[in-house]
Structure formats: C-alpha cells, structure tokens
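K.L.:
Mind having a look at this structure? Questions to follow.
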Amino acid sequence: MRVAKYYGSGDIRVESADEQTLGPDDVRIDVEACGICGTDLHEYKDGPDLTPSPDSEHPLTGASLPVPLGHEFSGTISEVGEDVTNVAVGDPVTVNPAIVCGECRYCAEGRHNLCESVANIGISARSGGFADSAVVPAANVVALPEGIPVEYGALVEPFSVGIHATRRSGMQTGDSVAVFGAGPIGISIVQAAKAAGATEIFVSEPRETRRDIAATVGATTTLDPVETDAVEVISDATDGGVDVAFEAVGIEPTFKAAVESTKRGGQITAVGISDADVGLTPNELVVVERSINGSNGYLSGPQAEREFSMATRYLETGQFDAEEMITGRVALDDIVEEGFEDLLDPESEHVKILVEP
Ligand SMILES: [Zn+2]
Ligand SMILES: [Zn+2]
C-alpha cells in the first residue's frame with residue numbers, strides 16, 4: 001500500500017509500505033478520502049511542530065519522524081481485530097483522530113481534548129489518512145449513516161470543530177453571530193451556528209470565493225474587510241454588536257475586530273490556532289463585560305462520538321453542505337504538487353482539497 005509520510009519541513013513523500021498488522025482492538029480502513037487541513041499545511045511549511053520532533057518519540061504512540069499524515073478521513077472497514085464489537089467489515093466510517101492518555105488531570109475531569117499528552121492519528125501516531133489504508137483503534141471510529149457519500153465523512157472532523165466552537169460559545173437560538181475568517185473552520189462554524197439557530201450570520205473574509213461559499217451555506221451578510229469596515233457595518237446592523245463572535249484566523253486585526261463587533265456583555269470564542277500577539281486592552285473586556293474563551297478541536301476519548309455524530313447527522317439531514325466546501329479532489333501521488341502547494345499559494349481559490357487514493 002501507499003502512504004504519505006512527513007519527514008520534516010517541506011518534505012512529504014509518498015512511499016510504498018507493508019500493510020500494518022492489527023491489534024485485537026484495531027480496525028483497518030480502506031481510505032475513501034482524506035482532507036488536507038491547515039494543521040497539515042503548517043507542519044509542511046513550518047514544522048515539525050505538532051508532529052514529533054526529529055529526535056524524540058511521542059509518549060503515547062511511540063511515533064517518531066517520519067510520520068504518516070492525514071487526520072480528516074473516511075473509508076470502509078476492511079478488517080477488524082478479534083475484540084472489536086462497535087463496527088464490522090463493510091461499514092462506512094470516519095475517524096476521530098485524538099488519542100488521549102486517560103490518566104492526566106484533564107482526562108480525569110472528562111476534558112479529554114485538553115489531555116496533556118494527546119496524540120493524533122495522522123499527526124503524531126503510526127497511521128494516517130493520506131494512504132490506501134490505515135489501521136486505527138476501533139474506539140476512534142465513528143459510523144457514517146447510509147445514504148451519504150463515504151467521502152463526505154472526511155468533512156466530519158472540521159464540521160465537529162465548528163460544532164464544538166458553537167457549543168463552547170454558549171450561543172443560543174436566535175442569537176446574532178459574526179465569523180471572522182471563512183476557511184474550512186470558519187465555514188464549518190457558519191453551518192454549525194445556522195444549525196444551532198443563529199438568526200443573523202455575518203462573515204468577514206477577504207477572499208471572494210470563500211465569501212461566496214459562506215453565503216451559500218448560511219451567512220446572511222458577507223463582508224470584505226479590505227473594502228469595508230466590518231466592525232462598523234456589524235455594529236450598525238445589530239444595534240451595537242452581535243451576541244457571539246468567532247475568530248477563526250488567529251491574527252491581531254481579526255481578533256480585535258471580533259472583540260469590537262461583539263455587543264456589551266457578548267461572547268467571543270477564539271478558534272484560530274496561533275501564537276500571535278493580538279494587542280487587546282483590558283477595557284475592551286472589563287467595562288463592557290465581554291467574555292473570551294477558546295475552543296480546541298472537539299470532544300474526544302470516551303466522548304469521541306458525541307460531536308462527530310452530530311456532524312454526521314447534520315450531513316444526513318442536509319444541514320451541513322459538504323459538497324460546497326470541497327473545492328478539489330486529487331490523487332495520493334499528486335498530494336504535494338496539486339494539494340499542499342496549491343493550498344499554500346496565496347492566490348489559491350481552494351477551501352478543502354480531498355486526497356482520494
Ligand atoms: Zn484538521
Ligand atoms: Zn490525558
């Protein structure tokens with residue numbers, strides 16, 4: 001079988017490898033599709049960061065460079081270990097990639113997505129979705145409903161990030177929402193907020209194709225922050241600010257705009273992974289009683305199915321539009337040139353490229 005492995009910055013190689021052996025609690029998935037994520041691009045460009053460093057092994061998985069990449073994937077079960085009961089050969093599935101320790105303070109508190117030594121399939125484990133097949137623990141597998149294309153299962157992971165963000169924000173039915181950044185996660189948040197009953201959804205995004213997709217999947221107003229003052233437009237339209245703003249970029253201008261476009265007493269939920277300095281003053285929170293929280297991924301560990309199953313249900317009902325988000329499909333052998341390199345081009349019109357072996 002073929003597998004794409006990450007060797008270090010700028011170095012991903014598609015190699016042939018022996019099929020992995022199955023433990024009693026593992027399953028083998030014949031991969032149908034695997035999305036290229038911002039995390040993958042970050043590793044390719046500036047890593048290793050979340051992948052193990054060159055001279056160490058991940059404490060939970062023992063994985064070390066080179067590691068198989070690809071954590072947003074779906075496929076069909078082709079083999080199950082002897083103790084597996086939750087899925088059977090032939091089942092269409094997606095994968096919650098988080099592998100948690102189950103022992104640290106945060107796992108004990110039931111907040112497994114904050115696990116101190118979390119690993120991820122396709123980032124810091126021994127298998128990944130940019131491959132013909134992948135062996136993963138059965139506990140990480142989530143069944144897909146019959147009747148939706150199996151490849152759409154590759155979008156369940158980013159959709160779950162959007163669902164988790166809306167849940168973390170405490171958004172209520174009828175709330176007005178602003179989303180800063182309409183990449184795959186911003187667009188997933190738009191869809192999750194709409195499904196959760198947001199009445200007005202403003203999206204600020206400089207790229208026209210992304211604004212168009214956001215509008216198609218539920219944004220009621222899209223704004224180009226290069227051309228217009230998004231904060232002013234949102235404040236005017238909402239009598240002083242939205243109930244909830246989501247920041248899905250992670251840079252100072254969008255972070256500040258997300259805060260400033262939120263009403264007094266409003267909520268800002270930060271989703272854009274970044275170590276940028278965002279330059280806030282205390283009074284942007286204090287005297288107006290705004291709150292900021294962070295949202296990291298989705299529920300995992302014993303709750304691995306919870307938000308993933310919401311996402312699969314929304315796909316089944318049509319409340320999540322996967323097709324609109326998929327802007328390209330490439331073969332595994334073309335993953336670097338037609339996938340990674342294309343997405344990293346600042347002029348790229350792509351949102352989500354699926355690698356389909
Ligand atoms: Zn991802
Ligand atoms: Zn833990």
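By convention in this document, the chains of the structure tokens carry letters A, B, ... by their order, each chain's residues are numbered from 1, and ligands are numbered from 1 in the order they are shown.
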As a PyMOL selection string, which residues of stretch 74-210 of chain A does DSSP assign to strand (DSSP E)?
P.N.:
chain A and resi 74-80+92-95+98-99+119-120+133-137+141-143+176-180+200-204
K.L.:
Please give me, as a list in words, the residues lying within 8 Å of ligand 1 when counting only C-alpha atoms and all ligand atoms.
P.N.:
Gly35, Ile36, Cys37, Gly38, Thr39, Asp40, His71, Glu72, Glu157 and Pro158 of chain A
K.L.:
Do you know which residues are within 7 Å of ligand 2 using only C-alpha atoms and all ligand atoms? Can you write them as a PyMOL selection string?
P.N.:
chain A and resi 100-107+112+115-118
K.L.:
Can you work out which one of A:Glu323, A:Glu232, A:Asp11, A:Asp30 has the shortest atom-to-atom distance to A:Val67, counting only C-alpha atoms?
P.N.:
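Distance minimum relative to A:Val67 lands on A:Asp11.
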K.L.:
Could you pull the residues within 12 Å of A:Arg211, counting only C-alpha atoms, minus those fewer than 3 positions along the same chain, as a PyMOL selection string?
P.N.:
chain A and resi 179-184+186-187+190+202-208+214-225+324-325+349+351
K.L.:
Can you work out the spacing between atom CA of A:Leu155 and atom CA of A:Met310 in Å, to one decimal?
P.N.:
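Straight-line distance from atom CA of A:Leu155 to atom CA of A:Met310 works out to 12.4 Å.
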K.L.:
Would you mind listing what lies within 6 Å of A:Cys34 as a VMD selection string, with only C-alpha atoms counted and same-chain residues fewer than 5 positions away left out?
P.N.:
chain A and resid 72 to 73 129 154 354 to 355
K.L.:
Store the residues picked out above, limited to N, CA and C atoms, as a PDB file, in the first residue's frame.
P.N.:
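Now in result.pdb:
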```pdb
ATOM      1  N   GLU A  72      -8.128  13.842   8.646  1.00  0.00           N
ATOM      2  CA  GLU A  72      -9.547  14.100   8.343  1.00  0.00           C
ATOM      3  C   GLU A  72      -9.981  13.083   7.297  1.00  0.00           C
ATOM      4  N   PHE A  73     -10.325  11.866   7.735  1.00  0.00           N
ATOM      5  CA  PHE A  73     -10.563  10.872   6.697  1.00  0.00           C
ATOM      6  C   PHE A  73     -11.748   9.947   6.962  1.00  0.00           C
ATOM      7  N   GLY A 129      -4.336   9.179   7.236  1.00  0.00           N
ATOM      8  CA  GLY A 129      -5.360   9.025   6.201  1.00  0.00           C
ATOM      9  C   GLY A 129      -4.892   9.289   4.782  1.00  0.00           C
ATOM     10  N   ALA A 154     -15.015  12.637   5.312  1.00  0.00           N
ATOM     11  CA  ALA A 154     -13.745  13.342   5.533  1.00  0.00           C
ATOM     12  C   ALA A 154     -13.975  14.758   6.060  1.00  0.00           C
ATOM     13  N   LEU A 354      -9.659  17.277  -1.077  1.00  0.00           N
ATOM     14  CA  LEU A 354      -9.660  15.888  -0.596  1.00  0.00           C
ATOM     15  C   LEU A 354      -8.655  15.074  -1.394  1.00  0.00           C
ATOM     16  N   VAL A 355      -7.869  14.299  -0.684  1.00  0.00           N
ATOM     17  CA  VAL A 355      -6.966  13.351  -1.321  1.00  0.00           C
ATOM     18  C   VAL A 355      -7.701  12.018  -1.372  1.00  0.00           C
TER      19      VAL A 355
END
```
K.L.:
What does the distance from atom CA of A:Asn86 to atom CA of A:Ala138 come to in Å, to one decimal?
P.N.:
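Distance reported for this atom pair: 7.3 Å.
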K.L.:
Check the smallest atom-to-atom distance from each of A:Asn120, A:Asp275, A:Thr281, A:Leu144 to A:Ile251 using only C-alpha atoms, then report the winner.
P.N.:
A:Asp275
K.L.:
Please determine, counting only C-alpha atoms, which residue among A:Arg290, A:Arg210, A:Arg111, A:Lys352 has the shortest atom-to-atom distance to A:Gly339.
P.N.:
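Once distances to A:Gly339 are computed over only C-alpha atoms, the minimum belongs to A:Lys352.
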K.L.:
Go through A:Gln191, A:Gln172, A:Thr254, A:Ser53 and flag the residue nearest A:Gly266, using only C-alpha atoms for the distances.
P.N.:
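Of the candidates, the smallest distance to A:Gly266 is held by A:Gln172.
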K.L.:
Find the residue from A:Asn140, A:Thr76, A:Leu60, A:Thr85 that sits nearest to A:Pro302; use only C-alpha atoms when measuring.
P.N.:
A:Asn140
K.L.:
Counting only C-alpha atoms, what is within 8 Å of A:Gly272, bar same-chain residues fewer than 6 positions away, as a list in words?
P.N.:
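The contact residues come out as Glu247, Ala248, Val249 and Gly250 of chain A.
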K.L.:
Take the residues from that selection and write them out as a PDB file, in the first residue's frame, keeping N, CA, C and O atoms.
P.N.:
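Contents of result_4.pdb, freshly written:
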```pdb
ATOM      1  N   GLU A 247     -13.609  33.895  16.161  1.00  0.00           N
ATOM      2  CA  GLU A 247     -12.377  34.295  15.490  1.00  0.00           C
ATOM      3  C   GLU A 247     -11.717  33.032  14.948  1.00  0.00           C
ATOM      4  O   GLU A 247     -11.290  32.175  15.724  1.00  0.00           O
ATOM      5  N   ALA A 248     -11.644  32.901  13.631  1.00  0.00           N
ATOM      6  CA  ALA A 248     -11.133  31.664  13.021  1.00  0.00           C
ATOM      7  C   ALA A 248      -9.928  31.946  12.132  1.00  0.00           C
ATOM      8  O   ALA A 248      -9.750  31.310  11.097  1.00  0.00           O
ATOM      9  N   VAL A 249      -9.103  32.911  12.547  1.00  0.00           N
ATOM     10  CA  VAL A 249      -7.887  33.232  11.798  1.00  0.00           C
ATOM     11  C   VAL A 249      -6.672  33.174  12.725  1.00  0.00           C
ATOM     12  O   VAL A 249      -5.731  32.427  12.488  1.00  0.00           O
ATOM     13  N   GLY A 250      -6.719  34.011  13.791  1.00  0.00           N
ATOM     14  CA  GLY A 250      -5.616  33.994  14.751  1.00  0.00           C
ATOM     15  C   GLY A 250      -4.580  35.080  14.531  1.00  0.00           C
ATOM     16  O   GLY A 250      -3.409  34.875  14.838  1.00  0.00           O
TER      17      GLY A 250
END
```
K.L.:
So the first atom is atom CA of A:Phe308 and the second is atom CA of A:Pro145; what is the distance between them in Å, to one decimal place?
P.N.:
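Going from atom CA of A:Phe308 over to atom CA of A:Pro145, I get 11.7 Å.
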K.L.:
Got a sec: who's within 8 Å of A:Val136, counting only C-alpha atoms, leaving out chain neighbours fewer than 3 positions off, as a list in words?
P.N.:
Asp26, Val27, Arg28, Ile29, Ile121, Ser127, Asn140 and Val141 of chain A
